[in-house]
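Structure file protein.txt with compact mmCIF, C-alpha atoms and all ligand atoms:
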```txt
# COMPACT_ATOMS: atom_id res chain seq x y z
CA MET A 1 -3.70 12.29 -11.40
CA ASN A 2 -6.10 12.25 -8.45
CA ILE A 3 -5.98 15.04 -5.90
CA ILE A 4 -7.75 16.36 -2.82
CA LEU A 5 -8.36 20.08 -2.26
CA LEU A 6 -8.47 20.55 1.48
CA GLY A 7 -9.46 23.76 3.21
CA PRO A 8 -12.14 25.56 5.20
CA PRO A 9 -15.35 26.87 3.61
CA GLY A 10 -14.51 29.85 1.42
CA ALA A 11 -10.88 28.82 0.87
CA GLY A 12 -11.48 28.75 -2.89
CA LYS A 13 -11.60 24.97 -3.43
CA GLY A 14 -14.50 25.15 -5.87
CA THR A 15 -12.96 28.00 -7.88
CA GLN A 16 -9.64 26.19 -8.22
CA ALA A 17 -11.36 22.89 -9.01
CA ARG A 18 -13.27 24.52 -11.88
CA HIS A 19 -9.99 25.80 -13.32
CA LEU A 20 -8.42 22.34 -13.13
CA VAL A 21 -11.44 20.85 -14.87
CA GLU A 22 -10.97 23.33 -17.74
CA THR A 23 -7.19 23.16 -18.03
CA ARG A 24 -6.44 19.54 -17.15
CA ASN A 25 -9.68 17.81 -18.14
CA MET A 26 -10.11 16.57 -14.60
CA VAL A 27 -13.40 15.50 -13.00
CA GLN A 28 -14.58 17.58 -10.02
CA LEU A 29 -16.23 15.55 -7.28
CA SER A 30 -17.82 18.01 -4.84
CA THR A 31 -19.91 16.30 -2.16
CA GLY A 32 -21.41 19.73 -1.32
CA ASP A 33 -22.68 20.08 -4.92
CA MET A 34 -24.00 16.51 -4.90
CA LEU A 35 -25.87 17.10 -1.65
CA ARG A 36 -27.30 20.43 -2.86
CA GLU A 37 -28.49 18.67 -6.02
CA ALA A 38 -30.18 15.92 -3.96
CA LYS A 39 -31.80 18.63 -1.83
CA SER A 40 -33.13 20.65 -4.75
CA SER A 41 -34.46 17.60 -6.58
CA GLY A 42 -36.24 16.60 -3.36
CA THR A 43 -34.90 13.03 -3.05
CA GLU A 44 -35.43 11.23 0.26
CA MET A 45 -31.75 11.63 1.09
CA GLY A 46 -31.87 15.30 0.06
CA ASN A 47 -34.76 15.98 2.44
CA MET A 48 -32.95 14.12 5.19
CA VAL A 49 -29.77 16.24 4.95
CA ALA A 50 -31.40 19.64 4.37
CA GLY A 51 -31.56 20.65 8.07
CA VAL A 52 -28.03 19.45 8.81
CA MET A 53 -26.65 21.46 5.87
CA ALA A 54 -28.62 24.59 6.79
CA ARG A 55 -27.11 24.48 10.28
CA GLY A 56 -23.62 24.00 8.83
CA GLU A 57 -23.03 20.61 10.44
CA LEU A 58 -21.54 17.62 8.67
CA VAL A 59 -23.74 15.05 6.95
CA THR A 60 -23.06 11.45 8.05
CA ASP A 61 -19.96 9.69 6.74
CA GLU A 62 -22.14 6.89 5.40
CA ILE A 63 -24.07 9.22 3.09
CA VAL A 64 -21.10 11.08 1.63
CA ILE A 65 -18.97 7.94 1.24
CA GLY A 66 -21.89 6.40 -0.66
CA LEU A 67 -22.06 9.43 -2.98
CA ILE A 68 -18.34 9.25 -3.74
CA ARG A 69 -18.40 5.47 -4.22
CA GLU A 70 -20.97 5.87 -7.02
CA LYS A 71 -18.75 8.35 -8.88
CA LEU A 72 -15.45 6.50 -8.85
CA THR A 73 -16.32 4.11 -11.64
CA GLY A 74 -16.53 4.97 -15.32
CA ASP A 75 -14.57 7.58 -17.24
CA THR A 76 -11.96 9.17 -15.01
CA LYS A 77 -10.64 11.55 -17.74
CA GLY A 78 -7.64 13.50 -16.40
CA GLY A 79 -8.23 12.28 -12.86
CA PHE A 80 -10.42 13.24 -9.94
CA ILE A 81 -10.41 16.39 -7.84
CA PHE A 82 -11.98 15.70 -4.48
CA ASP A 83 -13.50 19.00 -3.40
CA GLY A 84 -14.97 19.07 0.12
CA PHE A 85 -14.32 15.36 0.61
CA PRO A 86 -12.93 13.79 2.77
CA ARG A 87 -13.94 15.88 5.78
CA THR A 88 -13.34 13.33 8.56
CA LEU A 89 -10.69 10.71 9.27
CA GLU A 90 -13.26 8.00 8.61
CA GLN A 91 -13.98 9.47 5.16
CA ALA A 92 -10.24 9.64 4.46
CA ASP A 93 -9.81 5.94 5.31
CA ALA A 94 -12.83 5.08 3.18
CA LEU A 95 -11.38 7.02 0.25
CA THR A 96 -8.10 5.12 0.47
CA ARG A 97 -10.03 1.83 0.38
CA LEU A 98 -12.34 2.91 -2.45
CA MET A 99 -9.43 4.09 -4.59
CA ALA A 100 -7.55 0.84 -3.99
CA ASP A 101 -10.66 -1.12 -5.02
CA GLU A 102 -10.72 0.82 -8.30
CA GLY A 103 -6.98 0.28 -8.85
CA GLN A 104 -6.40 4.03 -8.42
CA THR A 105 -4.04 6.05 -6.28
CA LEU A 106 -4.26 9.41 -4.61
CA ASP A 107 -1.40 11.57 -5.85
CA ALA A 108 -1.53 14.82 -3.89
CA VAL A 109 -3.41 16.60 -1.13
CA ILE A 110 -3.37 20.37 -1.44
CA GLU A 111 -4.21 22.34 1.65
CA MET A 112 -5.51 25.84 0.87
CA ARG A 113 -4.70 28.02 3.87
CA VAL A 114 -6.78 31.14 4.53
CA ASP A 115 -7.37 32.99 7.80
CA ASP A 116 -10.82 33.10 9.38
CA GLU A 117 -11.42 36.81 8.89
CA ALA A 118 -10.96 36.50 5.13
CA LEU A 119 -13.31 33.50 5.08
CA VAL A 120 -16.16 35.41 6.71
CA ASP A 121 -15.65 38.30 4.25
CA ARG A 122 -15.55 35.96 1.27
CA ILE A 123 -18.51 33.82 2.21
CA THR A 124 -20.89 36.58 3.13
CA ALA A 125 -20.08 38.36 -0.18
CA ARG A 126 -20.31 35.24 -2.37
CA SER A 127 -22.77 34.54 -5.17
CA THR A 128 -22.79 31.98 -7.97
CA CYS A 129 -24.01 31.89 -11.57
CA ALA A 130 -26.95 29.47 -11.51
CA GLY A 131 -26.08 28.38 -15.04
CA CYS A 132 -22.40 27.47 -14.91
CA GLY A 133 -21.37 27.77 -11.26
CA GLU A 134 -18.92 30.67 -11.73
CA VAL A 135 -18.28 32.25 -8.33
CA TYR A 136 -18.51 36.02 -7.76
CA ASN A 137 -17.64 38.25 -4.82
CA ASP A 138 -19.39 41.56 -4.11
CA ASN A 139 -16.06 43.25 -3.33
CA THR A 140 -13.37 41.59 -5.41
CA LYS A 141 -15.26 40.16 -8.39
CA PRO A 142 -18.71 41.73 -8.65
CA ILE A 143 -21.44 40.46 -10.96
CA PRO A 144 -21.00 42.35 -14.29
CA ALA A 145 -23.23 45.40 -14.68
CA ASP A 146 -24.84 43.94 -17.83
CA GLY A 147 -25.92 40.88 -15.80
CA LYS A 148 -24.06 38.51 -18.14
CA CYS A 149 -21.85 35.88 -16.54
CA THR A 150 -18.18 36.36 -17.47
CA SER A 151 -17.71 32.61 -17.78
CA CYS A 152 -20.76 31.35 -19.72
CA GLY A 153 -21.85 34.71 -21.18
CA LYS A 154 -25.50 34.12 -20.26
CA GLU A 155 -27.89 36.32 -18.31
CA ASN A 156 -28.48 33.76 -15.60
CA GLU A 157 -29.68 34.24 -12.08
CA PHE A 158 -26.90 34.83 -9.54
CA THR A 159 -27.72 32.95 -6.37
CA ARG A 160 -26.46 33.00 -2.79
CA ARG A 161 -26.14 29.76 -0.87
CA SER A 162 -28.61 29.57 2.01
CA ASP A 163 -25.83 28.39 4.35
CA ASP A 164 -23.59 31.36 3.43
CA ASN A 165 -24.63 33.38 6.48
CA GLU A 166 -22.59 34.24 9.57
CA GLU A 167 -24.50 31.92 11.90
CA SER A 168 -24.10 28.76 9.84
CA LEU A 169 -20.57 29.77 8.86
CA LYS A 170 -19.57 29.68 12.55
CA THR A 171 -20.73 26.06 12.76
CA ARG A 172 -19.07 25.20 9.43
CA LEU A 173 -15.76 26.64 10.62
CA MET A 174 -16.00 24.77 13.91
CA ALA A 175 -16.71 21.54 12.03
CA TYR A 176 -13.65 22.23 9.89
CA TYR A 177 -11.32 22.72 12.86
CA LYS A 178 -12.71 19.85 14.91
CA GLN A 179 -13.44 17.19 12.32
CA THR A 180 -11.54 18.07 9.12
CA SER A 181 -8.27 19.74 10.15
CA PRO A 182 -6.91 16.46 11.63
CA LEU A 183 -6.62 15.38 7.98
CA ILE A 184 -3.74 17.85 7.57
CA GLY A 185 -1.63 15.73 9.94
CA TYR A 186 -3.01 12.50 8.48
CA TYR A 187 -1.83 13.34 4.94
CA TYR A 188 1.36 15.04 6.12
CA ALA A 189 2.35 11.79 7.82
CA LYS A 190 1.75 9.97 4.53
CA GLY A 191 4.08 12.44 2.78
CA MET A 192 1.25 13.64 0.53
CA LEU A 193 0.53 17.13 1.82
CA SER A 194 1.36 20.41 0.07
CA THR A 195 0.15 23.76 1.33
CA VAL A 196 -0.69 26.80 -0.80
CA ASN A 197 -1.54 30.34 0.26
CA GLY A 198 -5.27 30.59 -0.41
CA LEU A 199 -5.25 34.31 0.36
CA GLY A 200 -3.55 35.20 -2.92
CA GLU A 201 -5.26 36.32 -6.13
CA ILE A 202 -7.06 33.51 -7.98
CA ALA A 203 -4.34 33.38 -10.67
CA ALA A 204 -1.56 33.25 -8.07
CA VAL A 205 -3.22 30.32 -6.31
CA GLN A 206 -3.66 28.62 -9.70
CA ARG A 207 0.09 28.94 -10.28
CA GLU A 208 0.95 27.56 -6.84
CA ILE A 209 -1.31 24.57 -7.46
CA ALA A 210 0.17 24.02 -10.93
CA ASN A 211 3.62 23.94 -9.30
CA VAL A 212 2.48 21.28 -6.86
CA LEU A 213 1.12 19.25 -9.76
CA GLY A 214 4.43 19.53 -11.57
CA ASP A 215 3.26 21.70 -14.51
P1 LIG B 1 -19.60 22.59 0.76
O1 LIG B 1 -20.31 22.95 -0.50
O2 LIG B 1 -18.42 21.70 0.53
O3 LIG B 1 -19.28 23.80 1.60
O4 LIG B 1 -20.63 21.71 1.61
C1 LIG B 1 -21.87 22.23 2.03
C2 LIG B 1 -22.43 21.38 3.18
O5 LIG B 1 -22.65 20.04 2.72
C3 LIG B 1 -21.52 21.24 4.39
O6 LIG B 1 -21.64 22.31 5.29
C4 LIG B 1 -22.03 19.91 4.98
O7 LIG B 1 -23.26 20.09 5.65
C5 LIG B 1 -22.31 19.09 3.73
N1 LIG B 1 -21.12 18.33 3.26
C6 LIG B 1 -20.44 18.51 2.09
N2 LIG B 1 -19.43 17.63 1.98
C7 LIG B 1 -19.44 16.90 3.11
C8 LIG B 1 -18.62 15.84 3.61
N3 LIG B 1 -17.58 15.36 2.90
N4 LIG B 1 -18.94 15.29 4.83
C9 LIG B 1 -19.99 15.74 5.54
N5 LIG B 1 -20.80 16.76 5.13
C10 LIG B 1 -20.54 17.33 3.93
```
Since I need it in another form, could you write the structure as structure tokens?
Ligand code: AMP
Amino acid sequence: MNIILLGPPGAGKGTQARHLVETRNMVQLSTGDMLREAKSSGTEMGNMVAGVMARGELVTDEIVIGLIREKLTGDTKGGFIFDGFPRTLEQADALTRLMADEGQTLDAVIEMRVDDEALVDRITARSTCAGCGEVYNDNTKPIPADGKCTSCGKENEFTRRSDDNEESLKTRLMAYYKQTSPLIGYYYAKGMLSTVNGLGEIAAVQREIANVLGD
């Protein structure tokens, strides 16, 4: 089963994707993670996109489509979770074509709906285990007092994303409404869209998503 998690920054796409990887053996394809990796390993492409990402704007379609194209071959395990991709209509069309070329289909698009106020609160309080990627929140899920990650059990560094600040978040939200939210209508018209309440507790959202996936 191949699915898209669609939603604004801070909606919980990454958190839910990690759960689906664990429980359904799916493969998470996060273009944000791929771009951050390119940036930190200092590749030419990584250096090129660093400024755009810091400002919270979208990287070109050509770059992200290229990243996804590379990942669609090989072992697909329990299916792909597209996390943070597609973000424009052009990317959505490209994904349809790429999947068809691989003899694959897209089975569901899950929109995670969260209001803006909650997004600002979540993003400015967010940190991540540098070892395993587990996401923490200063208010609702603080880093354990013993400094050991609840997911991997290690005493890793807990990092904050450099674009998780109010200024860049404003641009990221605007990019979502202008460039990405038209995908809601696009997939609705194809009869593929389901919407879950992203404001609920993590476990409640997990259950809503499991329902959509027919578990
Ligand atoms: P994310 O981790 O999904 O919040 O992405 C972080 C940043 O990477 C975004 O603010 C964009 O600058 C860039 N990015 C990630 N995915 C895409 C995409 N599909 N299209 C364009 N830019 C992207």
Each chain A residue no farther than 8 Å from ligand LIG 1 (chain B), nearest pair in Å, only C-alpha atoms and all ligand atoms, as a Markdown table:
```
| residue | atom | partner | partner_atom | distance |
| --- | --- | --- | --- | --- |
| A:Pro9 | CA | B:LIG1 | O3 | 5.4 |
| A:Gly10 | CA | B:LIG1 | O3 | 7.7 |
| A:Ser30 | CA | B:LIG1 | O2 | 6.5 |
| A:Thr31 | CA | B:LIG1 | N2 | 4.4 |
| A:Gly32 | CA | B:LIG1 | O1 | 3.5 |
| A:Asp33 | CA | B:LIG1 | O1 | 5.8 |
| A:Leu35 | CA | B:LIG1 | O5 | 6.2 |
| A:Arg36 | CA | B:LIG1 | O5 | 7.3 |
| A:Val49 | CA | B:LIG1 | O7 | 7.6 |
| A:Val52 | CA | B:LIG1 | O7 | 5.8 |
| A:Met53 | CA | B:LIG1 | O7 | 3.7 |
| A:Ala54 | CA | B:LIG1 | O7 | 7.1 |
| A:Arg55 | CA | B:LIG1 | O7 | 7.5 |
| A:Gly56 | CA | B:LIG1 | O6 | 4.4 |
| A:Glu57 | CA | B:LIG1 | O7 | 4.8 |
| A:Leu58 | CA | B:LIG1 | N5 | 3.7 |
| A:Val59 | CA | B:LIG1 | N5 | 3.9 |
| A:Thr60 | CA | B:LIG1 | C9 | 5.8 |
| A:Asp61 | CA | B:LIG1 | N4 | 6.0 |
| A:Val64 | CA | B:LIG1 | N3 | 5.7 |
| A:Ile65 | CA | B:LIG1 | N3 | 7.7 |
| A:Asp83 | CA | B:LIG1 | O2 | 6.9 |
| A:Gly84 | CA | B:LIG1 | O2 | 4.4 |
| A:Phe85 | CA | B:LIG1 | N3 | 4.0 |
| A:Pro86 | CA | B:LIG1 | N3 | 4.9 |
| A:Arg87 | CA | B:LIG1 | N3 | 4.7 |
| A:Thr88 | CA | B:LIG1 | N4 | 7.0 |
| A:Gln91 | CA | B:LIG1 | N3 | 7.3 |
| A:Asp163 | CA | B:LIG1 | O6 | 7.4 |
| A:Arg172 | CA | B:LIG1 | O6 | 5.7 |
```
TODO: Work out how far atom CA of Gly214 of chain A is from atom CA of Gly200 of chain A, in Å to one decimal.
DONE: 19.6 Å
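What separates atom CA of Val114 of chain A from atom CA of Ile3 of chain A is a distance of 19.2 Å.
Distances here use only C-alpha atoms; by that measure, the residue among A:Gly74, A:Asn25, A:Ser162, A:Arg18 closest to Ala50 of chain A is A:Ser162.
Note that atom CA of Phe158 of chain A and atom CA of Cys129 of chain A are 4.6 Å apart.
Distance annotation: of A:Glu44, A:Leu169, A:Val109, A:Met26, the residue with the minimal separation from Gly191 of chain A is A:Val109; atom set is all atoms listed in the file.
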TODO: Tell me which protein, DNA and RNA residues are within 12 Å of Lys148 of chain A, counting all atoms listed in the file, leaving out same-chain ones fewer than 4 positions away, and put them as a list in words.
DONE: Cys129, Ala130, Gly131, Cys132, Glu134, Pro142, Ile143, Pro144, Cys152, Gly153, Lys154, Glu155, Asn156, Glu157 and Phe158 of chain A
Given the selection you just returned, output its residues as a file containing C-alpha atoms, formatted as an mmCIF file, keeping the file's coordinate frame.
```
data_model
loop_
_atom_site.group_PDB
_atom_site.id
_atom_site.type_symbol
_atom_site.label_atom_id
_atom_site.label_comp_id
_atom_site.auth_asym_id
_atom_site.auth_seq_id
_atom_site.Cartn_x
_atom_site.Cartn_y
_atom_site.Cartn_z
ATOM 1 C CA CYS A 129 -24.010 31.890 -11.570
ATOM 2 C CA ALA A 130 -26.950 29.470 -11.510
ATOM 3 C CA GLY A 131 -26.080 28.380 -15.040
ATOM 4 C CA CYS A 132 -22.400 27.470 -14.910
ATOM 5 C CA GLU A 134 -18.920 30.670 -11.730
ATOM 6 C CA PRO A 142 -18.710 41.730 -8.650
ATOM 7 C CA ILE A 143 -21.440 40.460 -10.960
ATOM 8 C CA PRO A 144 -21.000 42.350 -14.290
ATOM 9 C CA CYS A 152 -20.760 31.350 -19.720
ATOM 10 C CA GLY A 153 -21.850 34.710 -21.180
ATOM 11 C CA LYS A 154 -25.500 34.120 -20.260
ATOM 12 C CA GLU A 155 -27.890 36.320 -18.310
ATOM 13 C CA ASN A 156 -28.480 33.760 -15.600
ATOM 14 C CA GLU A 157 -29.680 34.240 -12.080
ATOM 15 C CA PHE A 158 -26.900 34.830 -9.540
#
```
Segment 10-17 of chain A, all listed atoms, 4 Å padding on each side: what axis-aligned box centre and edge lengths in Å to one decimal come out, as AutoDock Vina command-line options?
```
--center_x -12.1 --center_y 26.4 --center_z -3.8 --size_x 12.9 --size_y 15.0 --size_z 18.4
```
TODO: Identify which of the residues A:Ile68, A:Ile184, A:Gly78, A:Gly51 lies closest to Ser168 of chain A, counting all atoms listed in the file when measuring atom-to-atom distances.
DONE: A:Gly51
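Each of A:Glu70, A:Glu62, A:Asp93, A:Glu111 was checked against Val212 of chain A using all atoms listed in the file; the smallest atom-to-atom distance is that of A:Glu111.
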- [ ] Using all atoms listed in the file, determine which residues lie at most 8 Å from Ile209 of chain A, disregarding the query and same-chain residues fewer than 4 positions distant; provide the list as a ChimeraX atom specification.
- [x] /A:110,196,205,213
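Among the candidates A:Thr180, A:Thr43, A:Thr171, A:Pro8, the one nearest to Ala92 of chain A when counting all atoms listed in the file is A:Thr180.
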